[in-house]
Every structure is written in C-alpha cells, then in structure tokens.
Amino acid sequence: MRAVGDRLQGVLESDIRHPRGRNPYAHVAGCVKEKFGCSYGDLPDERVGEVRRYLIELEAEEKSRSREGGKD
C-alpha cells in the first residue's frame, strides 16, 4: 500500500477540502476499506493476492483519471 501511495504523490486531483493537497496514503487506505469492508490490517492473509490486484487496478485508474483531467 505504501508503494502505491508513493506512486500517487502529485497524481490525485485537487480538492477544495484539501487545500494543502491530497494525501495519497490516506486515499489508498480509504479505498481499500471501502472495497473490502475493513482496514488493510484487518484483512486475512488469504486475501493478499486479491488486495494486490486491487491496488494495481486502483493505481492505474487514478493515473488514468489524472491524465484525463479528473473526468469519470
């Protein structure tokens, strides 16, 4: 998760609620919690592959969204 957060530094679109910029680590953690219904630390080890695949998809989606100017 940390590596994805590192790679999303400066990628997330601006938001008026975050005047000093968005925190990519918090964003990734929030997305994981939303997708899996619990925090990363609470997920069973058996789901590590599923989480890794999701993180790869999340990173690609955020970078694509950034290139498109934030359009959904």
# chains A, B, ... in the order shown; residues from 1 in each chain; ligands from 1
call {"tool": "residues_around", "arguments": {"residues": "stretch 59-68 of chain A", "least_positions_apart": "6", "cutoff": "8 Å", "atoms": "only C-alpha atoms", "output": "list in words"}}
result
Val4, Arg7, Leu8, Val11, Leu12 and Glu13 of chain A
call {"tool": "write_last_selection", "arguments": {"atoms": "C-alpha atoms", "output": "short mmCIF file (atom, residue, chain, number, x, y, z; two decimals), in the first residue's frame"}}
result
data_model
loop_
_atom_site.label_atom_id
_atom_site.label_comp_id
_atom_site.auth_asym_id
_atom_site.auth_seq_id
_atom_site.Cartn_x
_atom_site.Cartn_y
_atom_site.Cartn_z
CA VAL A 4 1.09 2.74 -4.36
CA ARG A 7 3.50 6.48 -6.83
CA LEU A 8 0.30 8.51 -6.46
CA VAL A 11 -1.37 12.41 -9.14
CA LEU A 12 -4.67 12.78 -7.27
CA GLU A 13 -6.85 15.61 -8.50
#
call {"tool": "select_by_dssp", "arguments": {"residues": "chain A", "states": "helix (DSSP H, G or I)", "output": "ChimeraX atom specification"}}
result
/A:2-7,24-36,40-42,45-67
call {"tool": "closest_residue", "arguments": {"among": "A:Tyr54, A:Ala29, A:Arg20, A:Gly5", "to": "A:Asp42", "atoms": "only C-alpha atoms"}}
result
A:Ala29
call {"tool": "atom_distance", "arguments": {"atom1": "atom CA of A:Val51", "atom2": "atom CA of A:Tyr25"}}
result
15.1 Å
call {"tool": "closest_residue", "arguments": {"among": "A:Glu50, A:Cys38, A:Pro24, A:Cys31", "to": "A:Arg2", "atoms": "only C-alpha atoms"}}
result
A:Pro24
call {"tool": "atom_distance", "arguments": {"atom1": "atom CA of A:Gly41", "atom2": "atom CA of A:His27"}}
result
15.4 Å
